[in-house]
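Text of run00.csv (CSV, C-alpha atoms) as supplied:
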chain,number,residue,atom,x,y,z
A,91,MET,CA,9.7,-11.6,0.4
A,92,SER,CA,9.9,-8.2,-1.3
A,93,LEU,CA,7.1,-6.4,-3.1
A,94,LEU,CA,8.5,-7.7,-6.4
A,95,ASP,CA,8.5,-11.2,-5.1
A,96,ALA,CA,4.9,-10.8,-4.2
A,97,ILE,CA,4.1,-9.9,-7.8
A,98,ILE,CA,6.1,-12.9,-9.1
A,99,ASP,CA,4.5,-15.3,-6.5
A,100,THR,CA,1.0,-14.2,-7.5
A,101,GLY,CA,1.7,-15.4,-11.0
A,102,THR,CA,0.0,-14.6,-14.3
A,103,PRO,CA,-3.4,-12.9,-14.0
A,104,PRO,CA,-6.5,-14.6,-15.6
A,105,PRO,CA,-7.3,-13.5,-19.2
A,106,GLU,CA,-9.8,-10.6,-19.8
A,107,GLY,CA,-12.5,-13.1,-20.7
A,108,ALA,CA,-12.1,-15.2,-17.5
A,109,PRO,CA,-15.0,-15.5,-15.0
A,110,GLN,CA,-15.3,-12.6,-12.5
A,111,SER,CA,-14.6,-15.1,-9.7
A,112,GLU,CA,-11.2,-15.9,-11.1
A,113,LYS,CA,-10.3,-12.2,-11.4
A,114,LYS,CA,-11.4,-11.5,-7.9
A,115,ARG,CA,-9.4,-14.5,-6.6
A,116,TYR,CA,-6.3,-13.2,-8.4
A,117,SER,CA,-6.7,-9.7,-6.8
A,118,GLU,CA,-7.2,-11.2,-3.3
A,119,ILE,CA,-4.0,-13.4,-3.7
A,120,LEU,CA,-2.1,-10.3,-4.9
A,121,SER,CA,-3.2,-8.2,-2.0
A,122,ARG,CA,-2.4,-11.0,0.5
A,123,ASN,CA,1.1,-11.4,-1.0
A,124,LEU,CA,1.8,-7.7,-1.1
A,125,ALA,CA,0.8,-7.5,2.6
A,126,ILE,CA,3.2,-10.3,3.5
A,127,GLY,CA,6.0,-8.8,1.4
A,128,CYS,CA,5.5,-5.4,3.0
A,129,ALA,CA,5.5,-6.9,6.5
A,130,ASP,CA,8.6,-8.9,5.7
A,131,CYS,CA,10.4,-5.7,4.6
A,132,LEU,CA,9.3,-3.7,7.6
A,133,ARG,CA,10.5,-6.4,10.0
A,134,ARG,CA,13.8,-6.5,8.2
A,135,ILE,CA,14.4,-2.8,8.8
A,136,GLY,CA,13.6,-2.9,12.5
A,137,PHE,CA,9.9,-3.0,13.1
A,138,PRO,CA,9.3,-6.0,15.5
A,139,ASN,CA,6.2,-8.2,15.3
A,140,VAL,CA,4.7,-6.6,12.2
A,141,LYS,CA,1.7,-8.5,11.0
A,142,PRO,CA,0.8,-10.4,8.8
A,143,LEU,CA,3.2,-13.4,9.1
A,144,ARG,CA,3.6,-15.8,6.2
A,145,ASP,CA,2.4,-18.8,8.2
A,146,GLY,CA,0.9,-17.1,11.2
A,147,PRO,CA,-1.5,-14.3,12.1
A,148,GLY,CA,-2.8,-12.2,9.3
A,149,GLU,CA,-4.5,-8.9,9.3
A,150,ILE,CA,-5.5,-7.6,12.7
A,151,LYS,CA,-8.8,-5.8,13.6
A,152,PHE,CA,-8.4,-2.5,15.6
A,153,GLN,CA,-11.1,-0.5,17.2
A,154,GLY,CA,-11.3,2.7,15.1
A,155,GLY,CA,-13.0,6.0,16.0
A,156,VAL,CA,-16.3,4.9,14.4
A,157,GLN,CA,-16.1,1.1,14.0
A,158,PRO,CA,-13.6,-1.8,14.1
A,159,LYS,CA,-11.3,-2.0,11.1
A,160,LYS,CA,-9.1,-4.8,9.9
A,161,VAL,CA,-5.6,-3.5,8.9
A,162,ASP,CA,-3.7,-5.3,6.2
A,163,VAL,CA,-0.2,-4.5,7.6
A,164,SER,CA,0.2,-3.3,11.1
A,165,PHE,CA,2.9,-2.5,13.8
A,166,SER,CA,1.4,-2.2,17.2
A,167,ASP,CA,1.8,-3.1,20.9
A,168,GLU,CA,-0.4,-3.3,24.0
A,169,ARG,CA,0.9,-0.1,25.4
A,170,HIS,CA,0.5,2.2,22.4
A,171,GLY,CA,-2.0,0.4,20.2
A,172,LEU,CA,-1.6,0.9,16.4
A,173,MET,CA,1.5,2.8,15.5
A,174,LEU,CA,2.0,2.0,11.8
A,175,ALA,CA,-0.4,0.7,9.3
A,176,VAL,CA,-0.3,0.0,5.5
A,177,SER,CA,-3.5,-0.5,3.7
A,178,ILE,CA,-3.2,-2.6,0.5
A,179,LYS,CA,-5.6,-1.9,-2.4
A,180,SER,CA,-5.5,-3.0,-6.0
A,181,ILE,CA,-7.5,-2.9,-9.3
A,182,THR,CA,-6.2,-5.6,-11.5
A,183,ALA,CA,-8.7,-6.1,-14.3
A,184,PRO,CA,-10.2,-3.7,-16.9
A,185,PRO,CA,-12.0,-1.4,-17.0
A,186,PHE,CA,-9.5,-0.1,-14.5
A,187,GLY,CA,-11.4,3.2,-13.8
A,188,LYS,CA,-14.7,1.5,-13.0
A,189,ASN,CA,-14.1,1.1,-9.3
A,190,LEU,CA,-11.5,3.8,-8.7
A,191,LYS,CA,-13.9,6.2,-7.0
A,192,ASN,CA,-15.2,3.4,-4.7
A,193,ARG,CA,-11.7,2.5,-3.7
A,194,PHE,CA,-10.9,6.1,-3.0
A,195,GLY,CA,-14.0,6.3,-0.8
A,196,ASP,CA,-12.9,3.2,1.1
A,197,LEU,CA,-9.5,4.6,1.7
A,198,PHE,CA,-10.9,8.0,2.8
A,199,SER,CA,-13.2,6.4,5.4
A,200,GLU,CA,-10.5,4.0,6.6
A,201,CYS,CA,-8.0,6.7,7.1
A,202,VAL,CA,-10.5,8.9,9.1
A,203,ASN,CA,-11.6,5.9,11.2
A,204,LEU,CA,-8.1,5.0,12.2
A,205,HIS,CA,-6.8,8.5,12.8
A,206,MET,CA,-9.8,9.3,15.0
A,207,ARG,CA,-8.7,6.5,17.4
A,208,PHE,CA,-4.9,6.8,16.8
A,209,PRO,CA,-4.0,10.4,15.8
A,210,TYR,CA,-0.3,9.8,16.3
A,211,SER,CA,-0.3,6.7,14.1
A,212,VAL,CA,1.5,6.6,10.7
A,213,ILE,CA,-1.3,5.4,8.3
A,214,CYS,CA,-0.1,4.6,4.8
A,215,SER,CA,-1.4,2.8,1.7
A,216,ILE,CA,-0.1,0.9,-1.3
A,217,PHE,CA,-2.4,0.9,-4.3
A,218,ALA,CA,-1.4,-1.5,-7.1
A,219,PHE,CA,-2.3,-1.4,-10.8
A,220,PRO,CA,-1.0,-3.6,-13.7
A,221,ARG,CA,0.9,-2.0,-16.5
A,222,ALA,CA,-2.2,-2.0,-18.7
A,223,ALA,CA,-3.8,0.6,-16.4
A,224,ASP,CA,-1.2,3.1,-17.6
A,225,GLU,CA,-2.0,2.3,-21.3
A,226,ASP,CA,-5.8,2.6,-21.4
A,227,VAL,CA,-5.9,6.0,-23.1
A,228,THR,CA,-8.4,6.7,-25.9
A,229,LYS,CA,-9.1,9.6,-28.2
A,230,VAL,CA,-11.7,10.8,-25.6
A,231,ARG,CA,-9.8,9.8,-22.4
A,232,THR,CA,-6.3,11.1,-22.9
A,233,VAL,CA,-5.0,10.4,-19.4
A,234,SER,CA,-4.6,6.8,-18.3
A,235,THR,CA,-6.4,5.4,-15.3
A,236,PHE,CA,-3.1,5.0,-13.4
A,237,ARG,CA,-2.1,8.7,-13.9
A,238,ARG,CA,-5.6,9.8,-12.9
A,239,ALA,CA,-5.3,7.6,-9.8
A,240,VAL,CA,-2.0,9.3,-8.9
A,241,LYS,CA,-3.6,12.7,-9.0
A,242,LEU,CA,-6.7,11.6,-7.1
A,243,LEU,CA,-4.9,9.8,-4.3
A,244,GLY,CA,-2.4,12.6,-4.0
A,245,SER,CA,-5.3,14.6,-2.6
A,246,ILE,CA,-5.4,12.4,0.5
A,247,SER,CA,-1.6,11.9,1.0
A,248,GLY,CA,1.1,13.8,2.8
A,249,ARG,CA,-0.2,14.3,6.4
A,250,GLU,CA,2.9,15.6,8.2
A,251,GLU,CA,1.7,16.2,11.8
A,252,TYR,CA,-0.4,14.3,14.2
A,253,THR,CA,-2.7,17.3,14.2
A,254,GLY,CA,-3.1,17.2,10.5
A,255,PRO,CA,-6.3,16.4,8.6
A,256,MET,CA,-7.6,12.9,9.7
A,257,GLU,CA,-8.7,12.1,6.1
A,258,LYS,CA,-5.1,12.3,4.9
A,259,PHE,CA,-2.7,9.4,4.9
A,260,GLU,CA,0.9,10.0,6.0
A,261,ASN,CA,1.7,8.5,2.6
A,262,VAL,CA,0.0,6.9,-0.3
A,263,THR,CA,2.2,5.1,-2.8
A,264,LEU,CA,1.0,3.7,-6.1
A,265,MET,CA,2.5,0.6,-7.6
A,266,LEU,CA,2.6,-0.1,-11.4
A,267,PHE,CA,3.5,-3.7,-12.1
A,268,GLN,CA,4.2,-6.0,-14.9
A,269,PRO,CA,3.0,-9.6,-14.0
A,270,PRO,CA,5.4,-12.5,-14.8
A,271,ASP,CA,5.0,-14.3,-18.1
A,272,ALA,CA,4.1,-18.0,-18.4
A,273,GLU,CA,7.7,-18.9,-17.5
A,274,GLY,CA,7.7,-16.7,-14.4
A,275,ASN,CA,10.0,-14.1,-15.9
A,276,ASN,CA,10.1,-10.4,-16.9
A,277,ALA,CA,8.1,-9.1,-13.9
A,278,TRP,CA,8.8,-5.6,-12.6
A,279,ILE,CA,7.3,-2.9,-10.3
A,280,ARG,CA,7.5,0.9,-10.2
A,281,LEU,CA,6.5,2.9,-7.1
A,282,TYR,CA,5.2,6.5,-7.2
A,283,ASP,CA,4.7,8.7,-4.2
A,284,ALA,CA,1.1,10.1,-4.8
A,285,ASP,CA,1.9,13.4,-3.0
A,286,THR,CA,5.0,14.3,-5.0
A,287,GLU,CA,4.6,11.9,-8.0
A,288,ARG,CA,8.3,10.9,-7.5
A,289,GLU,CA,9.3,7.4,-8.6
A,290,MET,CA,11.0,5.3,-5.9
A,291,THR,CA,12.8,2.0,-5.6
A,292,GLU,CA,11.6,-0.5,-3.0
A,293,GLU,CA,14.6,0.5,-0.8
A,294,GLU,CA,13.7,4.1,-1.0
A,295,TYR,CA,10.0,3.4,-0.2
A,296,PHE,CA,10.8,1.5,3.0
A,297,ARG,CA,13.4,4.1,4.0
A,298,MET,CA,10.7,6.8,3.6
A,299,LEU,CA,8.3,4.8,5.8
A,300,LEU,CA,11.0,4.5,8.4
A,301,ASP,CA,11.8,8.2,8.3
A,302,ILE,CA,8.1,9.2,8.6
A,303,TYR,CA,7.7,6.9,11.6
A,304,ASN,CA,10.9,8.2,13.3
A,305,ASP,CA,9.9,11.8,12.7
A,306,ARG,CA,6.6,11.1,14.5
A,307,ASN,CA,8.3,9.1,17.3
A,308,PRO,CA,11.7,10.9,17.9
A,309,ASN,CA,12.0,9.4,21.4
A,310,SER,CA,11.7,5.8,20.4
A,311,PRO,CA,13.2,5.5,16.9
A,312,ILE,CA,13.0,2.3,15.0
A,313,GLY,CA,15.6,0.6,12.8
A,314,MET,CA,18.6,2.8,13.5
A,315,GLY,CA,21.5,1.2,11.7
A,316,ALA,CA,19.2,-1.3,10.0
A,317,ASP,CA,20.2,-2.9,6.7
A,318,LEU,CA,17.7,-1.5,4.3
A,319,ASN,CA,19.1,-3.5,1.4
A,320,GLY,CA,18.2,-6.7,3.2
A,321,GLU,CA,21.6,-8.2,2.8
How would this structure read if it were set down as structure tokens?
Amino acid sequence: MSLLDAIIDTGTPPPEGAPQSEKKRYSEILSRNLAIGCADCLRRIGFPNVKPLRDGPGEIKFQGGVQPKKVDVSFSDERHGLMLAVSIKSITAPPFGKNLKNRFGDLFSECVNLHMRFPYSVICSIFAFPRAADEDVTKVRTVSTFRRAVKLLGSISGREEYTGPMEKFENVTLMLFQPPDAEGNNAWIRLYDADTEREMTEEEYFRMLLDIYNDRNPNSPIGMGADLNGE
């Protein structure tokens, strides 16, 4: 499964007037599918035993510096503990800006908690928004929620060294997506590096994660010669 497959498999979101429980359920399914898709892609490029598995173990709880924390996507072993993590977040229903600061706070504390315990770990995040979150401008609010989120999350992205700020992720990437229509067609995704605002393909995104990990672990590189196209 790819990240695009995850969007397609999640299906069409509930309408704006649907009960909150349906909207919450859609967001939970989306996050779960994105975690599975991310883990599938990481295993394909050389990271062994990445969790979650489609029909097996899901998110894993690690002891953080302050408290235990479940990690959506994780690469770890008994000797080193957590070595790579990807936190999956999403806001899928309007008003898209309502919970943005709360999600930012969740990511901030999660990053500090994990880096306190595992300073060498590569801690990353994918934050997904539907296309409508880039179209919610008004006469008063001239910048969309998605573009505001890129700027906000860019402030906690780009940790380059293991001695860098614990509150910064090695990478935060934002996903803008178009859900499939009723026939399951016309879905797409666009990925943006929050630190540089550069748009990436899925292949470029996972190549970037591989490069960040190998820069941090030059004596035990992963995925050398791996097929990043998944063919």
Against stretch 107-117 of chain A, which residues of stretch 174-228 of chain A fall within 7 Å? For each one I want the closest pair of atoms and the distance in Å (one decimal), counting only C-alpha atoms, rows by chain and increasing residue number, as CSV.
residue,atom,partner,partner_atom,distance
A:Ser180,CA,A:Ser117,CA,6.9
A:Thr182,CA,A:Ser117,CA,6.3
A:Ala183,CA,A:Lys113,CA,6.9
Calculate, to one decimal in Å, the centre and edge lengths of the box along x, y and z of the file that holds all listed atoms of stretch 239-249 of chain A with 6 Å of margin on each side, and present them as lines of an AutoDock Vina configuration file.
center_x = -2.8
center_y = 11.1
center_z = -1.7
size_x = 19.8
size_y = 19.0
size_z = 28.2
Which residues of stretch 102-166 of chain A come within 12 Å of stretch 249-271 of chain A, and for each one, what is the closest pair of atoms and their distance in Å to one decimal, counting only C-alpha atoms, sorted by chain and residue number, as JSON lines?
{"residue": "A:Thr102", "atom": "CA", "partner": "A:Pro270", "partner_atom": "CA", "distance": 5.8}
{"residue": "A:Pro103", "atom": "CA", "partner": "A:Pro269", "partner_atom": "CA", "distance": 7.2}
{"residue": "A:Pro104", "atom": "CA", "partner": "A:Pro269", "partner_atom": "CA", "distance": 10.9}
{"residue": "A:Tyr116", "atom": "CA", "partner": "A:Pro269", "partner_atom": "CA", "distance": 11.4}
{"residue": "A:Leu120", "atom": "CA", "partner": "A:Pro269", "partner_atom": "CA", "distance": 10.5}
{"residue": "A:Ser121", "atom": "CA", "partner": "A:Met265", "partner_atom": "CA", "distance": 11.9}
{"residue": "A:Leu124", "atom": "CA", "partner": "A:Met265", "partner_atom": "CA", "distance": 10.6}
{"residue": "A:Gly155", "atom": "CA", "partner": "A:Met256", "partner_atom": "CA", "distance": 10.8}
Keeping only C-alpha atoms, write those residues as a tab-separated table (two decimals), keeping the file's coordinate frame.
chain	number	residue	atom	x	y	z
A	102	THR	CA	0.00	-14.60	-14.30
A	103	PRO	CA	-3.40	-12.90	-14.00
A	104	PRO	CA	-6.50	-14.60	-15.60
A	116	TYR	CA	-6.30	-13.20	-8.40
A	120	LEU	CA	-2.10	-10.30	-4.90
A	121	SER	CA	-3.20	-8.20	-2.00
A	124	LEU	CA	1.80	-7.70	-1.10
A	155	GLY	CA	-13.00	6.00	16.00
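Minimum atom-to-atom distances from A:Ile302, A:Ile98, A:Ile213, A:Met91 to A:Leu143 were compared using all atoms listed in the file, and the lowest value belongs to A:Met91.
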Atomic distance atom CA of A:Val176 - atom CA of A:Asp162, expressed in Å with one decimal: 6.3 Å
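Taking atom CA of A:Phe137 and atom CA of A:Ile312 as endpoints, the distance between them is 6.4 Å.
Counting only C-alpha atoms, the residue from A:Thr235, A:Ser92, A:Asn123, A:Gln157 that sits nearest to A:Ser199 is A:Gln157.
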Could you tell me how far atom CA of A:Ala223 sits from atom CA of A:Glu289, in Å to one decimal place? 16.7 Å
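Using all atoms listed in the file for every distance, the candidate list A:Leu132, A:Val227, A:Leu299, A:Leu93 yields A:Leu299 as the residue closest to A:Cys214.
Closest to A:Leu243 among A:Ala284, A:Leu300, A:Ile119, A:Ala129 is A:Ala284, based on only C-alpha atoms.
Distances from A:Val233, A:Val202, A:Leu190, A:Ile279 to A:Ile246 were compared using only C-alpha atoms, and the smallest one belongs to A:Val202.
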Hey, what's within 7 Å of A:Leu204 if we count all atoms listed in the file and toss same-chain stuff fewer than 4 positions away? As a PyMOL selection string, please? chain A and resi 154-155+200+208
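Counting all atoms listed in the file and comparing A:Ile97, A:Ile216, A:Met206, A:Ala222, the residue that lies closest to A:Asp283 is A:Ile216.
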List the residues sitting within 12 Å of (9.6, -9.9, 4.9) in the file's frame, using all atoms listed in the file, as a short mmCIF file (atom, residue, chain, number, x, y, z; two decimals) with C-alpha atoms, keeping the file's coordinate frame.
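Heads up, here's the output in point_1.cif:
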data_model
loop_
_atom_site.label_atom_id
_atom_site.label_comp_id
_atom_site.auth_asym_id
_atom_site.auth_seq_id
_atom_site.Cartn_x
_atom_site.Cartn_y
_atom_site.Cartn_z
CA MET A 91 9.70 -11.60 0.40
CA SER A 92 9.90 -8.20 -1.30
CA LEU A 93 7.10 -6.40 -3.10
CA LEU A 94 8.50 -7.70 -6.40
CA ASP A 95 8.50 -11.20 -5.10
CA ALA A 96 4.90 -10.80 -4.20
CA ASN A 123 1.10 -11.40 -1.00
CA LEU A 124 1.80 -7.70 -1.10
CA ALA A 125 0.80 -7.50 2.60
CA ILE A 126 3.20 -10.30 3.50
CA GLY A 127 6.00 -8.80 1.40
CA CYS A 128 5.50 -5.40 3.00
CA ALA A 129 5.50 -6.90 6.50
CA ASP A 130 8.60 -8.90 5.70
CA CYS A 131 10.40 -5.70 4.60
CA LEU A 132 9.30 -3.70 7.60
CA ARG A 133 10.50 -6.40 10.00
CA ARG A 134 13.80 -6.50 8.20
CA ILE A 135 14.40 -2.80 8.80
CA GLY A 136 13.60 -2.90 12.50
CA PHE A 137 9.90 -3.00 13.10
CA PRO A 138 9.30 -6.00 15.50
CA ASN A 139 6.20 -8.20 15.30
CA VAL A 140 4.70 -6.60 12.20
CA LYS A 141 1.70 -8.50 11.00
CA PRO A 142 0.80 -10.40 8.80
CA LEU A 143 3.20 -13.40 9.10
CA ARG A 144 3.60 -15.80 6.20
CA ASP A 145 2.40 -18.80 8.20
CA VAL A 163 -0.20 -4.50 7.60
CA PHE A 296 10.80 1.50 3.00
CA LEU A 318 17.70 -1.50 4.30
CA ASN A 319 19.10 -3.50 1.40
CA GLY A 320 18.20 -6.70 3.20
#
